file start.pdb (PDB, C-alpha atoms and all ligand atoms)
ATOM      1  CA  MET A   1     -13.268   2.186  17.084
ATOM      2  CA  GLU A   2     -12.165   2.253  20.694
ATOM      3  CA  SER A   3     -10.974  -0.853  22.456
ATOM      4  CA  ASP A   4     -10.533  -1.307  26.173
ATOM      5  CA  GLN A   5      -9.287  -4.873  25.829
ATOM      6  CA  VAL A   6      -6.982  -6.233  28.523
ATOM      7  CA  MET A   7      -4.005  -8.042  27.017
ATOM      8  CA  PRO A   8      -3.580 -11.639  28.110
ATOM      9  CA  PRO A   9      -0.180 -12.472  29.603
ATOM     10  CA  ASP A  10       0.612 -15.160  27.033
ATOM     11  CA  ASN A  11      -0.947 -15.844  23.619
ATOM     12  CA  ARG A  12      -0.507 -19.591  24.189
ATOM     13  CA  ALA A  13      -3.249 -19.363  26.807
ATOM     14  CA  VAL A  14      -5.641 -17.893  24.238
ATOM     15  CA  PRO A  15      -7.836 -20.498  22.521
ATOM     16  CA  LEU A  16      -8.849 -19.784  18.924
ATOM     17  CA  GLU A  17     -12.444 -19.264  20.046
ATOM     18  CA  ALA A  18     -11.250 -16.315  22.127
ATOM     19  CA  LEU A  19      -9.924 -14.435  19.094
ATOM     20  CA  HIS A  20     -12.478 -11.790  18.377
ATOM     21  CA  PHE A  21     -13.074 -10.180  14.973
ATOM     22  CA  MET A  22     -15.076  -6.970  14.950
ATOM     23  CA  PRO A  23     -16.028  -5.477  11.550
ATOM     24  CA  LEU A  24     -14.329  -2.192  10.611
ATOM     25  CA  SER A  25     -16.757  -1.304   7.832
ATOM     26  CA  GLU A  26     -19.842  -2.600   6.033
ATOM     27  CA  THR A  27     -17.987  -4.810   3.599
ATOM     28  CA  PHE A  28     -14.420  -5.481   4.753
ATOM     29  CA  GLY A  29     -11.831  -5.112   7.492
ATOM     30  CA  ALA A  30     -11.828  -6.459  11.046
ATOM     31  CA  GLN A  31     -10.364  -5.409  14.366
ATOM     32  CA  VAL A  32      -8.755  -8.402  16.038
ATOM     33  CA  SER A  33      -8.623  -8.521  19.806
ATOM     34  CA  GLY A  34      -7.185 -11.073  22.178
ATOM     35  CA  LEU A  35      -3.536 -11.155  21.050
ATOM     36  CA  ASP A  36      -0.374  -9.440  22.216
ATOM     37  CA  LEU A  37       1.723  -9.365  19.044
ATOM     38  CA  SER A  38       4.971  -8.883  20.971
ATOM     39  CA  LYS A  39       4.620 -12.421  22.347
ATOM     40  CA  THR A  40       4.852 -15.876  20.796
ATOM     41  CA  ILE A  41       1.952 -16.676  18.498
ATOM     42  CA  THR A  42       1.003 -20.346  18.220
ATOM     43  CA  GLU A  43       0.867 -22.251  14.931
ATOM     44  CA  SER A  44      -2.929 -22.526  15.086
ATOM     45  CA  GLN A  45      -3.205 -18.786  15.751
ATOM     46  CA  LYS A  46      -0.895 -18.124  12.775
ATOM     47  CA  SER A  47      -3.171 -20.192  10.515
ATOM     48  CA  ALA A  48      -6.232 -18.375  11.832
ATOM     49  CA  LEU A  49      -4.617 -14.987  11.151
ATOM     50  CA  ASN A  50      -3.579 -16.011   7.638
ATOM     51  CA  GLN A  51      -7.143 -17.065   6.902
ATOM     52  CA  ALA A  52      -8.509 -13.904   8.530
ATOM     53  CA  LEU A  53      -6.354 -11.747   6.241
ATOM     54  CA  VAL A  54      -7.810 -13.557   3.213
ATOM     55  CA  ASP A  55     -11.370 -13.246   4.563
ATOM     56  CA  HIS A  56     -11.313  -9.669   5.905
ATOM     57  CA  GLN A  57      -8.604  -8.062   3.686
ATOM     58  CA  VAL A  58      -7.588  -5.566   6.411
ATOM     59  CA  LEU A  59      -6.823  -6.508  10.022
ATOM     60  CA  LEU A  60      -6.390  -4.018  12.860
ATOM     61  CA  PHE A  61      -4.683  -4.760  16.181
ATOM     62  CA  ARG A  62      -4.877  -1.958  18.739
ATOM     63  CA  GLN A  63      -2.735  -1.059  21.744
ATOM     64  CA  GLN A  64       0.340  -2.961  20.589
ATOM     65  CA  ASP A  65       3.839  -2.184  21.863
ATOM     66  CA  LEU A  66       6.279  -3.565  19.303
ATOM     67  CA  THR A  67       9.984  -3.354  18.623
ATOM     68  CA  GLU A  68      11.265  -3.430  15.052
ATOM     69  CA  ASP A  69      12.156  -7.135  15.348
ATOM     70  CA  GLN A  70       8.794  -8.031  16.871
ATOM     71  CA  GLN A  71       6.999  -6.330  13.982
ATOM     72  CA  ILE A  72       9.149  -8.217  11.452
ATOM     73  CA  HIS A  73       8.418 -11.527  13.218
ATOM     74  CA  PHE A  74       4.715 -10.775  13.082
ATOM     75  CA  ALA A  75       4.890  -9.894   9.382
ATOM     76  CA  GLN A  76       6.741 -13.151   8.655
ATOM     77  CA  ILE A  77       3.675 -15.097   9.800
ATOM     78  CA  PHE A  78       2.213 -14.152   6.417
ATOM     79  CA  GLY A  79       5.273 -14.796   4.261
ATOM     80  CA  PRO A  80       8.888 -13.689   3.794
ATOM     81  CA  CYS A  81       9.534  -9.969   4.145
ATOM     82  CA  ARG A  82      10.927  -7.858   1.325
ATOM     83  CA  ALA A  83      14.109  -5.771   1.756
ATOM     84  CA  LEU A  84      13.085  -2.111   1.714
ATOM     85  CA  TRP A  85      14.586   1.248   0.786
ATOM     86  CA  GLN A  86      15.758   3.213   3.790
ATOM     87  CA  ASN A  87      14.750   6.629   4.971
ATOM     88  CA  GLN A  88      18.149   8.301   5.451
ATOM     89  CA  ASP A  89      16.697  10.662   8.061
ATOM     90  CA  TYR A  90      15.223   7.786  10.044
ATOM     91  CA  PRO A  91      17.068   4.542   9.203
ATOM     92  CA  SER A  92      16.051   1.177  10.634
ATOM     93  CA  ALA A  93      18.372  -1.417  12.151
ATOM     94  CA  ASN A  94      16.976  -4.158   9.903
ATOM     95  CA  ASN A  95      16.317  -3.613   6.202
ATOM     96  CA  LEU A  96      13.155  -5.753   6.407
ATOM     97  CA  ALA A  97      11.496  -2.737   8.044
ATOM     98  CA  HIS A  98      11.619   0.965   7.306
ATOM     99  CA  TYR A  99      10.248   4.188   8.720
ATOM    100  CA  LEU A 100       7.893   6.617   7.045
ATOM    101  CA  SER A 101       8.534   9.703   9.102
ATOM    102  CA  ASN A 102       8.339  13.465   8.605
ATOM    103  CA  VAL A 103      10.937  14.030  11.353
ATOM    104  CA  ASP A 104      14.485  12.742  11.729
ATOM    105  CA  THR A 105      15.697  10.580  14.621
ATOM    106  CA  GLU A 106      16.313  13.778  16.654
ATOM    107  CA  GLY A 107      12.686  14.794  16.161
ATOM    108  CA  GLN A 108      13.516  17.625  13.742
ATOM    109  CA  PRO A 109      11.046  18.115  10.853
ATOM    110  CA  ILE A 110      12.538  17.091   7.510
ATOM    111  CA  GLY A 111      10.170  19.487   5.748
ATOM    112  CA  ARG A 112       8.714  17.071   3.218
ATOM    113  CA  HIS A 113       6.419  14.091   2.887
ATOM    114  CA  PRO A 114       8.393  10.855   3.398
ATOM    115  CA  ASP A 115       6.593   9.152   0.476
ATOM    116  CA  PRO A 116       4.501  11.551  -1.680
ATOM    117  CA  GLY A 117       3.428   8.725  -4.028
ATOM    118  CA  SER A 118       1.543   7.111  -1.133
ATOM    119  CA  THR A 119      -1.051   9.903  -1.251
ATOM    120  CA  HIS A 120      -2.503   8.301  -4.434
ATOM    121  CA  TRP A 121      -4.479   5.027  -4.512
ATOM    122  CA  HIS A 122      -2.040   2.170  -5.059
ATOM    123  CA  SER A 123      -1.169  -1.427  -4.267
ATOM    124  CA  ASP A 124       2.281  -1.889  -2.714
ATOM    125  CA  GLY A 125       4.708  -3.681  -4.991
ATOM    126  CA  SER A 126       2.345  -3.904  -7.977
ATOM    127  CA  TRP A 127       5.341  -2.740 -10.047
ATOM    128  CA  SER A 128       7.003  -6.137  -9.557
ATOM    129  CA  LEU A 129       6.317  -9.368 -11.429
ATOM    130  CA  GLN A 130       5.429 -10.993  -8.116
ATOM    131  CA  PRO A 131       3.540  -8.220  -6.288
ATOM    132  CA  SER A 132       3.691  -8.190  -2.509
ATOM    133  CA  ARG A 133       1.062 -10.128  -0.622
ATOM    134  CA  ALA A 134       0.569  -7.787   2.301
ATOM    135  CA  THR A 135       1.817  -4.690   4.105
ATOM    136  CA  VAL A 136       2.195  -4.310   7.864
ATOM    137  CA  LEU A 137       2.078  -0.720   9.129
ATOM    138  CA  TYR A 138       2.591   0.260  12.759
ATOM    139  CA  GLY A 139       1.739   3.687  14.145
ATOM    140  CA  ILE A 140       4.440   5.000  16.490
ATOM    141  CA  ARG A 141       3.555   8.734  16.505
ATOM    142  CA  VAL A 142       0.367   9.788  14.764
ATOM    143  CA  PRO A 143      -1.155  13.272  14.488
ATOM    144  CA  GLU A 144      -4.604  13.401  16.036
ATOM    145  CA  GLY A 145      -7.360  13.629  13.444
ATOM    146  CA  GLU A 146      -4.961  13.771  10.453
ATOM    147  CA  GLY A 147      -2.980  11.389   8.256
ATOM    148  CA  ALA A 148      -5.636   8.673   8.069
ATOM    149  CA  THR A 149      -5.052   5.675   5.795
ATOM    150  CA  HIS A 150      -7.846   4.957   3.311
ATOM    151  CA  PHE A 151      -8.573   1.482   1.930
ATOM    152  CA  ALA A 152     -10.685   0.528  -1.082
ATOM    153  CA  ASN A 153     -12.239  -2.923  -1.390
ATOM    154  CA  MET A 154     -11.366  -3.859  -4.970
ATOM    155  CA  TYR A 155     -13.485  -7.050  -4.942
ATOM    156  CA  GLN A 156     -16.563  -4.943  -4.322
ATOM    157  CA  ILE A 157     -15.531  -2.171  -6.685
ATOM    158  CA  TYR A 158     -15.157  -4.710  -9.485
ATOM    159  CA  GLU A 159     -18.458  -6.432  -8.645
ATOM    160  CA  ASP A 160     -20.317  -3.105  -8.652
ATOM    161  CA  LEU A 161     -19.171  -2.185 -12.184
ATOM    162  CA  ASP A 162     -21.775  -2.225 -14.955
ATOM    163  CA  ARG A 163     -21.657  -5.287 -17.169
ATOM    164  CA  SER A 164     -20.600  -3.125 -20.151
ATOM    165  CA  VAL A 165     -17.639  -1.717 -18.189
ATOM    166  CA  LYS A 166     -16.608  -5.199 -17.056
ATOM    167  CA  ASP A 167     -16.699  -6.295 -20.692
ATOM    168  CA  ARG A 168     -14.578  -3.297 -21.703
ATOM    169  CA  PHE A 169     -11.954  -4.117 -19.050
ATOM    170  CA  LYS A 170     -11.848  -7.806 -19.920
ATOM    171  CA  GLY A 171      -8.497  -8.759 -21.412
ATOM    172  CA  LEU A 172      -6.844  -5.379 -20.762
ATOM    173  CA  GLN A 173      -3.323  -5.461 -19.364
ATOM    174  CA  ALA A 174      -1.705  -2.539 -17.545
ATOM    175  CA  GLU A 175       1.986  -1.835 -17.361
ATOM    176  CA  HIS A 176       3.056  -1.115 -13.775
ATOM    177  CA  ASN A 177       6.220   0.936 -13.334
ATOM    178  CA  PHE A 178       7.008   3.041 -10.307
ATOM    179  CA  GLU A 179       9.211   5.539 -12.108
ATOM    180  CA  LEU A 180       7.144   5.980 -15.267
ATOM    181  CA  ALA A 181       3.945   6.324 -13.227
ATOM    182  CA  ARG A 182       5.516   9.156 -11.282
ATOM    183  CA  ALA A 183       6.885  10.763 -14.464
ATOM    184  CA  THR A 184       3.409  10.614 -16.047
ATOM    185  CA  ARG A 185       1.785  12.145 -12.987
ATOM    186  CA  GLN A 186       4.385  14.908 -12.866
ATOM    187  CA  ARG A 187       3.947  15.553 -16.616
ATOM    188  CA  ARG A 188       7.573  14.693 -17.362
ATOM    189  CA  MET A 189       6.989  12.544 -20.446
ATOM    190  CA  PRO A 190       8.681  14.044 -23.555
ATOM    191  CA  TRP A 191       5.363  14.862 -25.243
ATOM    192  CA  GLN A 192       4.346  16.692 -22.037
ATOM    193  CA  TRP A 193       7.441  18.914 -22.042
ATOM    194  CA  SER A 194       6.841  22.565 -22.605
ATOM    195  CA  LEU A 195       9.640  23.370 -25.071
ATOM    196  CA  SER A 196       9.042  27.103 -24.691
ATOM    197  CA  GLU A 197       9.885  26.813 -20.984
ATOM    198  CA  LEU A 198      13.040  24.720 -21.478
ATOM    199  CA  ASN A 199      16.367  26.360 -22.110
ATOM    200  CA  ARG A 200      19.248  24.464 -23.717
ATOM    201  CA  GLU A 201      20.666  23.346 -20.357
ATOM    202  CA  SER A 202      17.389  22.082 -18.891
ATOM    203  CA  LEU A 203      16.529  20.364 -22.190
ATOM    204  CA  VAL A 204      19.828  18.444 -22.044
ATOM    205  CA  MET A 205      19.052  17.475 -18.445
ATOM    206  CA  GLN A 206      15.549  16.282 -19.367
ATOM    207  CA  LEU A 207      16.927  14.244 -22.263
ATOM    208  CA  LYS A 208      19.540  12.615 -20.001
ATOM    209  CA  TRP A 209      16.889  11.834 -17.388
ATOM    210  CA  TRP A 210      14.559  10.358 -20.037
ATOM    211  CA  LYS A 211      17.382   8.214 -21.449
ATOM    212  CA  SER A 212      18.176   6.808 -17.981
ATOM    213  CA  VAL A 213      14.482   6.093 -17.222
ATOM    214  CA  LEU A 214      14.010   4.318 -20.547
ATOM    215  CA  GLY A 215      17.301   2.455 -20.073
ATOM    216  CA  ARG A 216      16.118   1.030 -16.734
ATOM    217  CA  ARG A 217      12.695   0.143 -18.137
ATOM    218  CA  PHE A 218      14.161  -1.806 -21.077
ATOM    219  CA  ARG A 219      16.939  -3.354 -18.980
ATOM    220  CA  ASP A 220      14.540  -4.582 -16.240
ATOM    221  CA  GLY A 221      11.709  -5.469 -18.620
ATOM    222  CA  ALA A 222       8.113  -4.301 -18.482
ATOM    223  CA  VAL A 223       5.766  -5.606 -15.790
ATOM    224  CA  TYR A 224       2.192  -6.277 -16.892
ATOM    225  CA  HIS A 225      -0.812  -7.282 -14.819
ATOM    226  CA  PRO A 226      -4.403  -7.762 -15.973
ATOM    227  CA  ILE A 227      -6.794  -4.953 -15.019
ATOM    228  CA  VAL A 228      -9.245  -7.621 -13.881
ATOM    229  CA  ARG A 229      -6.992  -9.866 -11.878
ATOM    230  CA  PRO A 230      -7.993 -13.063 -10.089
ATOM    231  CA  HIS A 231      -6.876 -12.833  -6.479
ATOM    232  CA  PRO A 232      -3.854 -15.152  -6.014
ATOM    233  CA  LYS A 233      -5.445 -16.968  -3.053
ATOM    234  CA  THR A 234      -9.205 -16.777  -3.566
ATOM    235  CA  GLY A 235      -9.412 -16.608  -7.374
ATOM    236  CA  ARG A 236     -12.105 -13.902  -7.023
ATOM    237  CA  PRO A 237     -11.762 -11.137  -9.634
ATOM    238  CA  THR A 238     -10.517  -7.767  -8.398
ATOM    239  CA  LEU A 239      -9.858  -4.516 -10.163
ATOM    240  CA  TYR A 240      -6.055  -4.302 -10.064
ATOM    241  CA  ILE A 241      -5.312  -0.681 -10.846
ATOM    242  CA  GLY A 242      -3.791   2.278  -8.975
ATOM    243  CA  ASP A 243      -0.968   4.733  -9.204
ATOM    244  CA  HIS A 244       1.773   2.359 -10.419
ATOM    245  CA  ALA A 245      -0.393   1.290 -13.378
ATOM    246  CA  TRP A 246       0.659   3.965 -15.821
ATOM    247  CA  ARG A 247      -0.525   2.739 -19.235
ATOM    248  CA  ILE A 248      -2.680   0.173 -20.969
ATOM    249  CA  ALA A 249      -0.459  -2.216 -22.892
ATOM    250  CA  GLY A 250      -0.631  -2.694 -26.653
ATOM    251  CA  LYS A 251      -1.314   0.940 -27.543
ATOM    252  CA  PHE A 252       0.722   3.947 -28.583
ATOM    253  CA  TRP A 253       2.025   5.238 -25.245
ATOM    254  CA  PRO A 254       0.073   8.547 -25.009
ATOM    255  CA  ALA A 255      -3.187   6.728 -25.856
ATOM    256  CA  GLY A 256      -2.442   3.926 -23.380
ATOM    257  CA  ILE A 257      -1.610   6.483 -20.678
ATOM    258  CA  LYS A 258      -4.836   8.389 -21.343
ATOM    259  CA  GLN A 259      -6.936   5.228 -21.053
ATOM    260  CA  MET A 260      -5.160   4.155 -17.857
ATOM    261  CA  LYS A 261      -5.712   7.600 -16.358
ATOM    262  CA  GLU A 262      -9.437   7.309 -17.070
ATOM    263  CA  ILE A 263      -9.582   3.895 -15.411
ATOM    264  CA  ASN A 264      -7.590   5.146 -12.421
ATOM    265  CA  SER A 265     -10.060   8.033 -12.074
ATOM    266  CA  LEU A 266     -12.982   5.706 -11.301
ATOM    267  CA  GLN A 267     -14.953   7.032  -8.362
ATOM    268  CA  PHE A 268     -15.217   4.502  -5.543
ATOM    269  CA  LYS A 269     -18.492   4.200  -3.637
ATOM    270  CA  PRO A 270     -18.247   5.138   0.067
ATOM    271  CA  THR A 271     -19.428   1.630   1.015
ATOM    272  CA  ALA A 272     -16.265   0.218  -0.597
ATOM    273  CA  ILE A 273     -13.980   2.463   1.486
ATOM    274  CA  TYR A 274     -12.640   2.068   5.005
ATOM    275  CA  THR A 275     -10.828   5.052   6.513
ATOM    276  CA  HIS A 276      -8.503   4.221   9.371
ATOM    277  CA  LYS A 277      -7.971   6.975  11.911
ATOM    278  CA  TRP A 278      -4.753   6.094  13.639
ATOM    279  CA  GLN A 279      -4.047   5.817  17.348
ATOM    280  CA  PRO A 280      -0.493   5.254  18.614
ATOM    281  CA  GLY A 281       0.119   1.508  18.961
ATOM    282  CA  ASP A 282      -2.215   0.545  16.079
ATOM    283  CA  LEU A 283      -0.932  -2.155  13.788
ATOM    284  CA  LEU A 284      -2.622  -2.752  10.446
ATOM    285  CA  ILE A 285      -2.007  -5.518   7.947
ATOM    286  CA  TRP A 286      -3.712  -5.473   4.569
ATOM    287  CA  ASP A 287      -4.007  -7.694   1.534
ATOM    288  CA  ASN A 288      -2.429  -5.895  -1.427
ATOM    289  CA  GLY A 289      -4.167  -8.269  -3.836
ATOM    290  CA  SER A 290      -7.659  -7.058  -2.939
ATOM    291  CA  VAL A 291      -7.351  -3.528  -1.559
ATOM    292  CA  LEU A 292      -5.859  -0.256  -2.723
ATOM    293  CA  HIS A 293      -4.725   2.246  -0.115
ATOM    294  CA  LYS A 294      -3.520   5.818   0.237
ATOM    295  CA  VAL A 295      -2.549   8.149   3.044
ATOM    296  CA  GLY A 296      -4.634  11.222   3.761
ATOM    297  CA  PRO A 297      -3.207  14.721   4.285
ATOM    298  CA  TYR A 298      -1.564  15.922   7.468
ATOM    299  CA  ASN A 299       0.419  18.954   8.506
ATOM    300  CA  ILE A 300       3.902  17.911   7.404
ATOM    301  CA  LEU A 301       5.696  20.850   8.999
ATOM    302  CA  ASN A 302       3.992  21.074  12.374
ATOM    303  CA  LYS A 303       2.771  17.582  13.231
ATOM    304  CA  VAL A 304       4.744  14.386  13.800
ATOM    305  CA  ARG A 305       3.862  11.153  12.034
ATOM    306  CA  ILE A 306       6.213   8.172  12.443
ATOM    307  CA  MET A 307       5.151   4.823  10.964
ATOM    308  CA  ARG A 308       7.099   1.588  10.672
ATOM    309  CA  ARG A 309       6.410  -0.589   7.652
ATOM    310  CA  CYS A 310       7.128  -4.165   6.542
ATOM    311  CA  VAL A 311       6.154  -5.655   3.197
ATOM    312  CA  VAL A 312       5.321  -9.347   2.822
ATOM    313  CA  GLU A 313       6.243 -11.122  -0.427
ATOM    314  CA  SER A 314       3.682 -13.081  -2.417
TER     315      SER A 314
HETATM  316 FE    FE B   1       1.638   2.011   0.155
END

call {"tool": "encode", "arguments": {"input": "start.pdb", "output": "C-alpha cells", "more": "lines below"}}
Ligand SMILES: [Fe+2]
result
Amino acid sequence: MESDQVMPPDNRAVPLEALHFMPLSETFGAQVSGLDLSKTITESQKSALNQALVDHQVLLFRQQDLTEDQQIHFAQIFGPCRALWQNQDYPSANNLAHYLSNVDTEGQPIGRHPDPGSTHWHSDGSWSLQPSRATVLYGIRVPEGEGATHFANMYQIYEDLDRSVKDRFKGLQAEHNFELARATRQRRMPWQWSLSELNRESLVMQLKWWKSVLGRRFRDGAVYHPIVRPHPKTGRPTLYIGDHAWRIAGKFWPAGIKQMKEINSLQFKPTAIYTHKWQPGDLLIWDNGSVLHKVGPYNILNKVRIMRRCVVES
C-alpha cells in the first residue's frame, strides 16, 4: 500500500490519537503512520506500539530512514535484542543487528542466498527454549517486484482446522532444532544416505558430520514446544510449527520426522496470508509467537537485496 504521509518533526508532538493503523490484510497486520522511528518515541507511544504488535501481529512503518543504532533502539522498545550471527561479507558494527544481503559491502554479488533456510515457513528462534518475541526487518535495497516476505496468521490457521485435526494435534510436542531440521530437509539423515553413491572417503566424512551434529544435540539438550501453543501474551492457541520443527517427540525418529513433515505441509488459506512487497525504507516488526514467515524468490545474481535485521527476546 502506498503512503504519502508527511513525517512530523518530533514524535513527542504526536498524540496517541494521531497514530493511525491501516489494515494490511483481511485478518492481520497494520501499517502504522504518524511516527518517525529515527526520533525519540515517548513512553505512551511505546506502550501503544507494544499493544499494537500483540493486536495486529505484523506492523509496517514506511518511508523510514534508520541507522543501525536507531533500528536497535526501536527494536528494544519490545524487549532486549538477541546477539546475532554475522554475515562475513556484510558485517554490522553492533552484533544486535545483522545484514541479510546478496552483495558484499563493495556491492559485489556473493553468488548465493544469504539465508536459504528463510525461504521455508518458520518462526525465528523457535529452536530455543525461550523463542524470540519479535523480529524487526528493515529494507535498505530491495529488488522491485521480487523478494517479498510472506506471513501466515497462525491464530487463524489453527482456528480454521477441523475439530478432528485439532484433536489429533492436541498434546503433540515437536522438537525444534535448526541443524537437524536442515539435515532432514537436505536428506542427510543416516537412513536417507544413498550408500551406493558414497565412497569410503565421503562415508567417513558423513559419519564424522553426523557424530558432531548428534554431539551438539545431546550436549545442548532437545528443545520441545507444543504443536498447539498458547501465545505467551494473549493465551490464544496458535499452531506453532514451521521449518525448525523437525520431528514429533516420543516416536522413533523416522516416524516422528514423517509426521512432522505432514503437519508442516498443511496448506494455508489465502485469507490467512499477508504478502509484503518491499519498498526501500520499509520497516516491519512481527510477532514470532503468532505468525510464520518466509522470503519469496528473487534473482540472487542480478538483483540487490540488503536487509537489516534485529531479533527481540521473549
Ligand atoms: Fe526468519

call {"tool": "resolve_selection", "arguments": {"input": "start.pdb", "expression": "the PyMOL selection byres (((chain A and resi 175) around 8) and not hetatm)", "output": "list in words"}}
result
Gln173, Ala174, His176, Asn177, Ala222, Val223, Tyr224, His225, Ala245, Trp246, Arg247, Ile248 and Ala249 of chain A

call {"tool": "write_last_selection", "arguments": {"input": "start.pdb", "atoms": "C-alpha atoms", "output": "short mmCIF file (atom, residue, chain, number, x, y, z; two decimals), in the coordinates of the input"}}
result
data_model
loop_
_atom_site.label_atom_id
_atom_site.label_comp_id
_atom_site.auth_asym_id
_atom_site.auth_seq_id
_atom_site.Cartn_x
_atom_site.Cartn_y
_atom_site.Cartn_z
CA GLN A 173 -3.32 -5.46 -19.36
CA ALA A 174 -1.70 -2.54 -17.55
CA HIS A 176 3.06 -1.12 -13.78
CA ASN A 177 6.22 0.94 -13.33
CA ALA A 222 8.11 -4.30 -18.48
CA VAL A 223 5.77 -5.61 -15.79
CA TYR A 224 2.19 -6.28 -16.89
CA HIS A 225 -0.81 -7.28 -14.82
CA ALA A 245 -0.39 1.29 -13.38
CA TRP A 246 0.66 3.96 -15.82
CA ARG A 247 -0.52 2.74 -19.24
CA ILE A 248 -2.68 0.17 -20.97
CA ALA A 249 -0.46 -2.22 -22.89
#

call {"tool": "residues_near_ligand", "arguments": {"input": "start.pdb", "ligand": "ligand FE 1 (chain B)", "cutoff": "7 Å", "atoms": "all atoms listed in the file", "output": "PyMOL selection string"}}
result
chain A and resi 118+122-124+293-294

call {"tool": "closest_atom_pairs", "arguments": {"input": "start.pdb", "of": "region 123-185 of chain A", "to": "region 49-53 of chain A", "cutoff": "12 Å", "atoms": "all atoms listed in the file", "output": "CSV"}}
result
residue,atom,partner,partner_atom,distance
A:Arg133,CA,A:Leu53,CA,10.2
A:Ala134,CA,A:Leu53,CA,8.9
A:Thr135,CA,A:Leu53,CA,11.0
A:Val136,CA,A:Leu53,CA,11.4

call {"tool": "residues_around", "arguments": {"input": "start.pdb", "residues": "region 250-259 of chain A", "least_positions_apart": "5", "cutoff": "12 Å", "atoms": "only C-alpha atoms", "output": "list in words"}}
result
Arg168, Phe169, Gly171, Leu172, Gln173, Ala174, Glu175, His176, Leu180, Ala181, Ala183, Thr184, Arg185, Arg187, Met189, Pro190, Trp191, Gln192, Tyr224, Ile227, Ile241, Asp243, His244, Ala245, Asn264, Ser265 and Leu266 of chain A

call {"tool": "atom_distance", "arguments": {"input": "start.pdb", "atom1": "CA of Arg309 (chain A)", "atom2": "CA of Tyr138 (chain A)"}}
result
6.4 Å

call {"tool": "closest_residue", "arguments": {"input": "start.pdb", "among": "A:His20, A:Ile41, A:Ile273, A:Trp121", "to": "Gln76 (chain A)", "atoms": "only C-alpha atoms"}}
result
A:Ile41

call {"tool": "resolve_selection", "arguments": {"input": "start.pdb", "expression": "the PyMOL selection byres (((chain A and resi 11) around 7) and not hetatm)", "output": "PyMOL selection string"}}
result
chain A and resi 8-10+12-14+35-36+39-41

call {"tool": "atom_distance", "arguments": {"input": "start.pdb", "atom1": "CA of Phe178 (chain A)", "atom2": "CA of Leu96 (chain A)"}}
result
19.9 Å

call {"tool": "resolve_selection", "arguments": {"input": "start.pdb", "expression": "the PyMOL selection byres (((chain A and resi 54) around 12) and not hetatm)", "output": "number ranges by chain"}}
result
A: 28-30, 47-53, 55-59, 78, 133-134, 155, 231-236, 285-291

call {"tool": "residues_around", "arguments": {"input": "start.pdb", "residues": "Phe21 (chain A)", "least_positions_apart": "6", "cutoff": "8 Å", "atoms": "all atoms listed in the file", "output": "list in words"}}
result
Ala30, Gln31, Val32 and Ser33 of chain A

call {"tool": "closest_residue", "arguments": {"input": "start.pdb", "among": "A:Met205, A:Lys166, A:Gly111, A:Gln186", "to": "Ile263 (chain A)", "atoms": "all atoms listed in the file"}}
result
A:Lys166
